[in-house]
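Enquirer: Here's a structure for you.
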Amino acid sequence: MNYIGSKHKLSEFIKSNVAKVVPGDLKDRIFCDLFAGTGSVGRNFKSSVKTVIANDVEFYSFVLLQNYIGNSKSLDFEPWLEKLNALTGIKGFVFENYSEGGKAGRLYFSEENGMKTDAARIQIEKWKDSAEIKEDLYYFLLASLIESADKVANTASVYGAYLKKIKTSASKKLNISPAIFEISEEEHQVYNRDANELVKEIEGDILYLDPPYNARQYGANYHLLNTIAKYDTFVPRGKTGLRDYYRSDYCRTGEVKASFERLLKNANFRYIFLSYNNEGIMPAAGIRQIMERYGKYDLETTNYQRFKADNDKNRNHSAAATTEYLHILEKI
Ligand SMILES: C[S@@+](CC[C@H](N)C(=O)[O-])C[C@H]1O[C@@H](n2cnc3c(N)ncnc32)[C@H](O)[C@@H]1O
């Protein structure tokens, strides 16, 4: 998924630095990805560590993480995907509120894809309710639907707005393709909690932190993924059909430093890594100052091509490349 702040392309930079800093074999270590998003970092550690703990406060992300990190045994998913892809569309909540031809007139999906999304989402829940599928397959199918629907969404990149006309990629028929996860011998843990709360209740060796770095709230930018994931009923608000959403302290200039410091203080992990970039609301020098209070500090940097939605000329920063920091703390 094309996700704001995704570390997909930085996974190897992060992994090689973790391996350099943490002594001994990673195989014996517990690795926690506390702001896991699409799970790209945790996924890259899944077969190299004893346990991955993955967490995100957004529910769509929890669904992806339950599949990519929580699932570890192979699943016979093909017949179920075939059934989903053969369903006739339904004029349900996504169609009426977020699709071409729906009563709300919001063009997030083509008419056909909105109806197919409803039909698939309703069917997945029915299979779960009738105990035809277990939790592992339930999250696999939901993750597959979320990823595939996102590919045909009629947006510039995020769900803050839809395009006025259905673009070419959004007019392609929704095909639910498998959200393949890595098989693993070990069991992993997935949470859907506020990072600052969860961190008090877990412990491990390596804590990887990738909080939002600017004011853009994920719950607003990905509201439609939460709606597909939860499939609850609510009254969509305004032109974009927004739902109520969680507002993270990490997106608020006035709150972020205190939250970050509390998190470090409460962390029961020896090695802590923070990804942040040079355009974030906490300046690098301020991060260093906070981290140094808790142990031995170090810094690695790399240049990085920005996320495509960040290229907007109206934004303050229009450079194509940014610097990604990996702040490192050995907590003493
Ligand atoms: C930069 S993204 C992480 C991207 C991820 N590393 C990836 O590669 O996909 C930040 C994530 O932090 C989550 N988040 C924001 N505030 C949070 C909080 N207080 N607790 C837990 N997760 C939070 C957002 O939902 C978002 O998925």
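All residue names refer to the structure tokens as shown: chains lettered A, B, ... in order, residues numbered from 1 in each chain, ligands numbered from 1 in order.
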At a cut-off of 8 Å around ligand 1, and using only C-alpha atoms and all ligand atoms, what residues come up? Please write them as a PyMOL selection string.

Expert: chain A and resi 3-8+33-41+55-58+61+192-196+209-213+217-219+247-251

Enquirer: Residues of segment 41-153 of chain A classed as strand (DSSP E or B) by DSSP on the backbone are to be reported as a ChimeraX atom specification.

Expert: /A:51-55,99,109

Enquirer: To test your reading of the structure, identify every residue in segment 49-104 of chain A that backbone DSSP assigns to alpha helix (DSSP H), and report it as a PyMOL selection string.

Expert: chain A and resi 59-65+78-86+93-98

Enquirer: Can you write out the residues you just picked, keeping N, CA, C and O atoms, as a PDB file, in the first residue's frame?

Expert:
ATOM      1  N   PHE A  59      -7.561   1.054  13.231  1.00  0.00           N
ATOM      2  CA  PHE A  59      -8.102  -0.296  13.107  1.00  0.00           C
ATOM      3  C   PHE A  59      -7.732  -0.962  11.764  1.00  0.00           C
ATOM      4  O   PHE A  59      -7.437  -2.149  11.717  1.00  0.00           O
ATOM      5  N   TYR A  60      -7.740  -0.193  10.657  1.00  0.00           N
ATOM      6  CA  TYR A  60      -7.363  -0.815   9.376  1.00  0.00           C
ATOM      7  C   TYR A  60      -5.945  -1.362   9.456  1.00  0.00           C
ATOM      8  O   TYR A  60      -5.630  -2.417   8.901  1.00  0.00           O
ATOM      9  N   SER A  61      -5.102  -0.629  10.198  1.00  0.00           N
ATOM     10  CA  SER A  61      -3.722  -1.074  10.335  1.00  0.00           C
ATOM     11  C   SER A  61      -3.669  -2.351  11.171  1.00  0.00           C
ATOM     12  O   SER A  61      -2.948  -3.303  10.838  1.00  0.00           O
ATOM     13  N   PHE A  62      -4.465  -2.397  12.233  1.00  0.00           N
ATOM     14  CA  PHE A  62      -4.540  -3.599  13.069  1.00  0.00           C
ATOM     15  C   PHE A  62      -4.911  -4.819  12.220  1.00  0.00           C
ATOM     16  O   PHE A  62      -4.334  -5.897  12.367  1.00  0.00           O
ATOM     17  N   VAL A  63      -5.861  -4.622  11.297  1.00  0.00           N
ATOM     18  CA  VAL A  63      -6.270  -5.730  10.425  1.00  0.00           C
ATOM     19  C   VAL A  63      -5.082  -6.197   9.568  1.00  0.00           C
ATOM     20  O   VAL A  63      -4.796  -7.394   9.455  1.00  0.00           O
ATOM     21  N   LEU A  64      -4.373  -5.230   8.986  1.00  0.00           N
ATOM     22  CA  LEU A  64      -3.207  -5.592   8.160  1.00  0.00           C
ATOM     23  C   LEU A  64      -2.156  -6.321   9.012  1.00  0.00           C
ATOM     24  O   LEU A  64      -1.573  -7.316   8.587  1.00  0.00           O
ATOM     25  N   LEU A  65      -1.958  -5.830  10.229  1.00  0.00           N
ATOM     26  CA  LEU A  65      -0.936  -6.420  11.103  1.00  0.00           C
ATOM     27  C   LEU A  65      -1.344  -7.811  11.582  1.00  0.00           C
ATOM     28  O   LEU A  65      -0.497  -8.712  11.683  1.00  0.00           O
ATOM     29  N   GLU A  78      -7.338 -19.946  -1.269  1.00  0.00           N
ATOM     30  CA  GLU A  78      -7.770 -19.726  -2.656  1.00  0.00           C
ATOM     31  C   GLU A  78      -9.269 -19.890  -2.900  1.00  0.00           C
ATOM     32  O   GLU A  78      -9.897 -19.034  -3.527  1.00  0.00           O
ATOM     33  N   PRO A  79      -9.886 -21.000  -2.369  1.00  0.00           N
ATOM     34  CA  PRO A  79     -11.335 -21.138  -2.634  1.00  0.00           C
ATOM     35  C   PRO A  79     -12.144 -19.961  -2.098  1.00  0.00           C
ATOM     36  O   PRO A  79     -13.148 -19.560  -2.703  1.00  0.00           O
ATOM     37  N   TRP A  80     -11.721 -19.388  -0.986  1.00  0.00           N
ATOM     38  CA  TRP A  80     -12.466 -18.283  -0.371  1.00  0.00           C
ATOM     39  C   TRP A  80     -12.325 -17.010  -1.208  1.00  0.00           C
ATOM     40  O   TRP A  80     -13.300 -16.292  -1.418  1.00  0.00           O
ATOM     41  N   LEU A  81     -11.115 -16.775  -1.697  1.00  0.00           N
ATOM     42  CA  LEU A  81     -10.921 -15.592  -2.551  1.00  0.00           C
ATOM     43  C   LEU A  81     -11.715 -15.737  -3.849  1.00  0.00           C
ATOM     44  O   LEU A  81     -12.295 -14.769  -4.346  1.00  0.00           O
ATOM     45  N   GLU A  82     -11.725 -16.971  -4.378  1.00  0.00           N
ATOM     46  CA  GLU A  82     -12.497 -17.199  -5.617  1.00  0.00           C
ATOM     47  C   GLU A  82     -13.967 -16.865  -5.393  1.00  0.00           C
ATOM     48  O   GLU A  82     -14.606 -16.200  -6.203  1.00  0.00           O
ATOM     49  N   LYS A  83     -14.499 -17.323  -4.239  1.00  0.00           N
ATOM     50  CA  LYS A  83     -15.919 -17.028  -3.935  1.00  0.00           C
ATOM     51  C   LYS A  83     -16.145 -15.521  -3.807  1.00  0.00           C
ATOM     52  O   LYS A  83     -17.130 -14.996  -4.316  1.00  0.00           O
ATOM     53  N   LEU A  84     -15.231 -14.843  -3.137  1.00  0.00           N
ATOM     54  CA  LEU A  84     -15.401 -13.390  -2.973  1.00  0.00           C
ATOM     55  C   LEU A  84     -15.394 -12.685  -4.324  1.00  0.00           C
ATOM     56  O   LEU A  84     -16.212 -11.796  -4.589  1.00  0.00           O
ATOM     57  N   ASN A  85     -14.459 -13.095  -5.181  1.00  0.00           N
ATOM     58  CA  ASN A  85     -14.344 -12.421  -6.479  1.00  0.00           C
ATOM     59  C   ASN A  85     -15.522 -12.729  -7.411  1.00  0.00           C
ATOM     60  O   ASN A  85     -15.750 -12.002  -8.374  1.00  0.00           O
ATOM     61  N   ALA A  86     -16.257 -13.813  -7.105  1.00  0.00           N
ATOM     62  CA  ALA A  86     -17.396 -14.172  -7.974  1.00  0.00           C
ATOM     63  C   ALA A  86     -18.714 -13.556  -7.489  1.00  0.00           C
ATOM     64  O   ALA A  86     -19.756 -13.715  -8.141  1.00  0.00           O
ATOM     65  N   PHE A  93     -23.395   0.147   2.295  1.00  0.00           N
ATOM     66  CA  PHE A  93     -22.932   1.401   2.907  1.00  0.00           C
ATOM     67  C   PHE A  93     -21.820   2.082   2.086  1.00  0.00           C
ATOM     68  O   PHE A  93     -21.834   3.301   1.902  1.00  0.00           O
ATOM     69  N   VAL A  94     -20.895   1.308   1.595  1.00  0.00           N
ATOM     70  CA  VAL A  94     -19.784   1.895   0.813  1.00  0.00           C
ATOM     71  C   VAL A  94     -20.313   2.422  -0.512  1.00  0.00           C
ATOM     72  O   VAL A  94     -19.953   3.524  -0.949  1.00  0.00           O
ATOM     73  N   PHE A  95     -21.189   1.650  -1.136  1.00  0.00           N
ATOM     74  CA  PHE A  95     -21.767   2.125  -2.397  1.00  0.00           C
ATOM     75  C   PHE A  95     -22.546   3.427  -2.179  1.00  0.00           C
ATOM     76  O   PHE A  95     -22.313   4.433  -2.854  1.00  0.00           O
ATOM     77  N   GLU A  96     -23.469   3.426  -1.215  1.00  0.00           N
ATOM     78  CA  GLU A  96     -24.353   4.594  -1.039  1.00  0.00           C
ATOM     79  C   GLU A  96     -23.585   5.855  -0.632  1.00  0.00           C
ATOM     80  O   GLU A  96     -23.915   6.950  -1.071  1.00  0.00           O
ATOM     81  N   ASN A  97     -22.556   5.689   0.191  1.00  0.00           N
ATOM     82  CA  ASN A  97     -21.892   6.870   0.753  1.00  0.00           C
ATOM     83  C   ASN A  97     -20.573   7.266   0.086  1.00  0.00           C
ATOM     84  O   ASN A  97     -20.129   8.399   0.237  1.00  0.00           O
ATOM     85  N   TYR A  98     -19.956   6.318  -0.626  1.00  0.00           N
ATOM     86  CA  TYR A  98     -18.603   6.607  -1.118  1.00  0.00           C
ATOM     87  C   TYR A  98     -18.376   6.224  -2.585  1.00  0.00           C
ATOM     88  O   TYR A  98     -17.226   6.149  -3.013  1.00  0.00           O
TER      89      TYR A  98
END

Enquirer: Which residues are near segment 175-187 of chain A? Cut-off 6 Å, only C-alpha atoms, ignore same chain within fewer than 6 positions. Put them as a ChimeraX atom specification.

Expert: /A:68,72-73,144-145,148

Enquirer: Could you state the separation of atom CA of Arg288 of chain A and atom CA of Ile328 of chain A in Å, given to one decimal place?

Expert: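 Answer for the atom CA of Arg288 of chain A to atom CA of Ile328 of chain A separation: 9.1 Å.
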
Enquirer: Write out as a list in words each polymer residue whose atoms come within 12 Å of Glu135 of chain A, counting only C-alpha atoms; drop sequence neighbours fewer than 6 positions from it.

Expert: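 Skipping anything fewer than 6 positions along the chain leaves Val63, Gln66, Asn67, Gly70, Asn71, Leu75, Ile124, Glu125, Trp127, Lys128, Asp129, Leu141 and Leu142 of chain A.
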
Enquirer: How would the residues just picked look written out with C-alpha atoms as a short mmCIF file (atom, residue, chain, number, x, y, z; two decimals), in the first residue's frame?

Expert:
data_model
loop_
_atom_site.label_atom_id
_atom_site.label_comp_id
_atom_site.auth_asym_id
_atom_site.auth_seq_id
_atom_site.Cartn_x
_atom_site.Cartn_y
_atom_site.Cartn_z
CA VAL A 63 -6.27 -5.73 10.42
CA GLN A 66 -3.10 -9.33 12.27
CA ASN A 67 -2.56 -10.76 8.81
CA GLY A 70 -0.02 -12.25 13.50
CA ASN A 71 -0.63 -14.93 10.86
CA LEU A 75 -3.87 -20.99 4.98
CA ILE A 124 -16.47 -12.09 5.07
CA GLU A 125 -18.44 -11.15 8.21
CA TRP A 127 -18.40 -16.51 7.22
CA LYS A 128 -16.95 -15.39 10.53
CA ASP A 129 -20.33 -15.24 12.28
CA LEU A 141 -9.49 -11.96 3.76
CA LEU A 142 -10.11 -8.53 5.31
#

Enquirer: Give me, as an NGL selection string, all polymer residues having an atom no more than 8 Å from Gly42 of chain A, counting only C-alpha atoms and skipping those fewer than 5 positions away in the same chain.

Expert: :A and (31-33 or 36 or 52-54 or 69)

Enquirer: Restricting the output to N, CA, C and O atoms, write the selected residues as a PDB file, in the first residue's frame.

Expert:
ATOM      1  N   PHE A  31      11.323  -7.995  19.195  1.00  0.00           N
ATOM      2  CA  PHE A  31      11.345  -6.751  18.424  1.00  0.00           C
ATOM      3  C   PHE A  31       9.941  -6.155  18.410  1.00  0.00           C
ATOM      4  O   PHE A  31       8.984  -6.824  18.016  1.00  0.00           O
ATOM      5  N   CYS A  32       9.830  -4.911  18.820  1.00  0.00           N
ATOM      6  CA  CYS A  32       8.498  -4.279  18.817  1.00  0.00           C
ATOM      7  C   CYS A  32       8.433  -3.118  17.828  1.00  0.00           C
ATOM      8  O   CYS A  32       9.249  -2.210  17.870  1.00  0.00           O
ATOM      9  N   ASP A  33       7.424  -3.180  16.955  1.00  0.00           N
ATOM     10  CA  ASP A  33       7.151  -2.113  15.982  1.00  0.00           C
ATOM     11  C   ASP A  33       5.898  -1.404  16.520  1.00  0.00           C
ATOM     12  O   ASP A  33       4.778  -1.862  16.304  1.00  0.00           O
ATOM     13  N   ALA A  36       3.094   0.693  13.799  1.00  0.00           N
ATOM     14  CA  ALA A  36       3.490  -0.209  12.706  1.00  0.00           C
ATOM     15  C   ALA A  36       2.861   0.079  11.338  1.00  0.00           C
ATOM     16  O   ALA A  36       3.363  -0.412  10.334  1.00  0.00           O
ATOM     17  N   VAL A  52       7.897 -10.813  17.113  1.00  0.00           N
ATOM     18  CA  VAL A  52       7.580  -9.438  16.713  1.00  0.00           C
ATOM     19  C   VAL A  52       6.322  -9.033  17.478  1.00  0.00           C
ATOM     20  O   VAL A  52       5.347  -9.781  17.521  1.00  0.00           O
ATOM     21  N   ILE A  53       6.371  -7.857  18.099  1.00  0.00           N
ATOM     22  CA  ILE A  53       5.162  -7.262  18.671  1.00  0.00           C
ATOM     23  C   ILE A  53       4.835  -6.100  17.737  1.00  0.00           C
ATOM     24  O   ILE A  53       5.677  -5.226  17.525  1.00  0.00           O
ATOM     25  N   ALA A  54       3.630  -6.095  17.156  1.00  0.00           N
ATOM     26  CA  ALA A  54       3.270  -5.007  16.235  1.00  0.00           C
ATOM     27  C   ALA A  54       2.019  -4.322  16.756  1.00  0.00           C
ATOM     28  O   ALA A  54       1.077  -4.979  17.215  1.00  0.00           O
ATOM     29  N   ILE A  69       1.630  -9.903  10.327  1.00  0.00           N
ATOM     30  CA  ILE A  69       2.508 -10.254  11.457  1.00  0.00           C
ATOM     31  C   ILE A  69       1.899 -11.389  12.283  1.00  0.00           C
ATOM     32  O   ILE A  69       2.573 -12.370  12.611  1.00  0.00           O
TER      33      ILE A  69
END

Enquirer: Smallest atom-to-atom distance to Phe13 of chain A: which of A:Ser259, A:Asn44, A:Thr240, A:Ser110, using only C-alpha atoms?

Expert: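 Residue with the minimum atom-to-atom distance to Phe13 of chain A: A:Asn44.
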
Enquirer: Could you tell me which of A:Lys134, A:Arg121, A:Lys91, A:Lys46 comes closest to Ala149 of chain A if we count only C-alpha atoms?

Expert: A:Arg121

Enquirer: Hey, which bits of segment 209-264 of chain A sit within 12 Å of segment 293-300 of chain A, and for each residue what's the closest pair of atoms and how far apart in Å (one decimal), counting only C-alpha atoms, rows by chain and increasing number, as a Markdown table?

Expert:
| residue | atom | partner | partner_atom | distance |
| --- | --- | --- | --- | --- |
| A:Glu261 | CA | A:Arg293 | CA | 9.4 |
| A:Arg262 | CA | A:Tyr294 | CA | 11.1 |
| A:Leu263 | CA | A:Tyr294 | CA | 11.2 |
| A:Leu264 | CA | A:Tyr294 | CA | 7.6 |

Enquirer: Excluding Leu242 of chain A and residues on its chain fewer than 4 positions from it, collect all residues at most 10 Å away from it, counting only C-alpha atoms, and give them as a ChimeraX atom specification.

Expert: /A:159-161,219-224,227,234-238

Enquirer: Those selected residues, please, written with all heavy atoms and delivered as a short mmCIF file (atom, residue, chain, number, x, y, z; two decimals), in the first residue's frame.

Expert:
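Output contents, as saved in again_28.cif:
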data_model
loop_
_atom_site.label_atom_id
_atom_site.label_comp_id
_atom_site.auth_asym_id
_atom_site.auth_seq_id
_atom_site.Cartn_x
_atom_site.Cartn_y
_atom_site.Cartn_z
N TYR A 159 -7.23 9.52 1.49
CA TYR A 159 -8.69 9.63 1.42
C TYR A 159 -9.23 10.96 1.94
O TYR A 159 -10.41 11.08 2.24
CB TYR A 159 -9.32 8.45 2.17
CG TYR A 159 -8.98 7.12 1.51
CD1 TYR A 159 -7.78 6.47 1.79
CD2 TYR A 159 -9.83 6.55 0.58
CE1 TYR A 159 -7.44 5.27 1.18
CE2 TYR A 159 -9.51 5.35 -0.05
CZ TYR A 159 -8.31 4.73 0.25
OH TYR A 159 -7.99 3.55 -0.38
N GLY A 160 -8.35 11.97 2.00
CA GLY A 160 -8.78 13.30 2.42
C GLY A 160 -9.72 13.92 1.40
O GLY A 160 -10.50 14.81 1.72
N ALA A 161 -9.64 13.45 0.17
CA ALA A 161 -10.51 13.94 -0.91
C ALA A 161 -10.56 12.89 -2.02
O ALA A 161 -9.68 12.03 -2.10
CB ALA A 161 -9.94 15.25 -1.48
N GLY A 219 -6.00 8.93 10.90
CA GLY A 219 -7.42 8.58 10.96
C GLY A 219 -8.25 9.38 9.96
O GLY A 219 -9.27 8.90 9.46
N ALA A 220 -7.82 10.61 9.66
CA ALA A 220 -8.54 11.43 8.68
C ALA A 220 -8.10 11.04 7.27
O ALA A 220 -8.93 10.92 6.35
CB ALA A 220 -8.25 12.91 8.93
N ASN A 221 -6.83 10.82 7.08
CA ASN A 221 -6.32 10.53 5.73
C ASN A 221 -6.68 9.13 5.22
O ASN A 221 -6.65 8.89 4.02
CB ASN A 221 -4.81 10.71 5.71
CG ASN A 221 -4.46 12.17 5.56
OD1 ASN A 221 -4.75 12.77 4.54
ND2 ASN A 221 -3.86 12.76 6.59
N TYR A 222 -6.98 8.22 6.16
CA TYR A 222 -7.32 6.85 5.76
C TYR A 222 -8.69 6.43 6.30
O TYR A 222 -8.93 5.26 6.56
CB TYR A 222 -6.22 5.89 6.22
CG TYR A 222 -4.91 6.17 5.49
CD1 TYR A 222 -3.93 6.96 6.07
CD2 TYR A 222 -4.70 5.69 4.21
CE1 TYR A 222 -2.75 7.27 5.38
CE2 TYR A 222 -3.53 5.98 3.52
CZ TYR A 222 -2.57 6.77 4.11
OH TYR A 222 -1.41 7.06 3.41
N HIS A 223 -9.60 7.43 6.47
CA HIS A 223 -10.89 7.13 7.11
C HIS A 223 -11.67 6.03 6.41
O HIS A 223 -12.31 5.19 7.04
CB HIS A 223 -11.74 8.41 7.22
CG HIS A 223 -12.18 8.99 5.90
ND1 HIS A 223 -13.43 8.75 5.38
CD2 HIS A 223 -11.54 9.77 4.99
CE1 HIS A 223 -13.54 9.39 4.21
NE2 HIS A 223 -12.41 10.00 3.95
N LEU A 224 -11.56 5.99 5.08
CA LEU A 224 -12.36 5.01 4.35
C LEU A 224 -11.85 3.58 4.58
O LEU A 224 -12.63 2.61 4.56
CB LEU A 224 -12.38 5.37 2.86
CG LEU A 224 -13.48 4.75 2.01
CD1 LEU A 224 -14.81 4.72 2.71
CD2 LEU A 224 -13.61 5.50 0.70
N THR A 227 -13.47 2.50 7.63
CA THR A 227 -14.88 2.21 7.38
C THR A 227 -15.05 0.82 6.76
O THR A 227 -15.93 0.05 7.16
CB THR A 227 -15.50 3.32 6.50
OG1 THR A 227 -15.44 4.52 7.27
CG2 THR A 227 -16.93 3.02 6.11
N PHE A 234 -22.60 4.74 10.67
CA PHE A 234 -22.46 6.08 11.23
C PHE A 234 -22.92 7.06 10.15
O PHE A 234 -23.16 6.66 9.00
CB PHE A 234 -21.00 6.36 11.65
CG PHE A 234 -20.05 6.34 10.49
CD1 PHE A 234 -19.67 7.52 9.87
CD2 PHE A 234 -19.55 5.14 9.98
CE1 PHE A 234 -18.81 7.51 8.77
CE2 PHE A 234 -18.69 5.12 8.90
CZ PHE A 234 -18.31 6.31 8.30
N VAL A 235 -23.03 8.34 10.53
CA VAL A 235 -23.44 9.33 9.53
C VAL A 235 -22.18 10.02 9.01
O VAL A 235 -21.52 10.77 9.75
CB VAL A 235 -24.40 10.38 10.15
CG1 VAL A 235 -24.82 11.41 9.09
CG2 VAL A 235 -25.63 9.69 10.74
N PRO A 236 -21.78 9.75 7.76
CA PRO A 236 -20.57 10.38 7.22
C PRO A 236 -20.73 11.89 7.16
O PRO A 236 -21.83 12.39 6.84
CB PRO A 236 -20.47 9.79 5.81
CG PRO A 236 -21.30 8.55 5.85
CD PRO A 236 -22.41 8.84 6.80
N ARG A 237 -19.65 12.60 7.50
CA ARG A 237 -19.75 14.07 7.60
C ARG A 237 -19.15 14.77 6.39
O ARG A 237 -18.07 14.41 5.91
CB ARG A 237 -19.01 14.53 8.86
CG ARG A 237 -19.90 14.54 10.10
CD ARG A 237 -19.21 15.16 11.28
NE ARG A 237 -18.14 14.33 11.80
CZ ARG A 237 -16.85 14.64 11.73
NH1 ARG A 237 -16.46 15.76 11.18
NH2 ARG A 237 -15.96 13.83 12.23
N GLY A 238 -19.87 15.79 5.93
CA GLY A 238 -19.33 16.74 4.95
C GLY A 238 -19.08 16.15 3.58
O GLY A 238 -19.47 15.03 3.26
#

Enquirer: Nearest to Tyr139 of chain A: which of A:Lys230, A:Asn266, A:Glu324, A:Lys9 is it, counting only C-alpha atoms?

Expert: A:Lys230

Enquirer: May I ask which of the residues A:Ala215, A:Val256, A:Val152, A:Leu326 is the closest one to Tyr276 of chain A, counting only C-alpha atoms?

Expert: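 That would be A:Leu326, the residue with the smallest distance to Tyr276 of chain A.
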
Enquirer: Counting only C-alpha atoms, which residue out of A:Glu147, A:Lys173, A:Tyr208, A:Lys164 sits closest to Phe45 of chain A?

Expert: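 Distance minimum relative to Phe45 of chain A lands on A:Tyr208.
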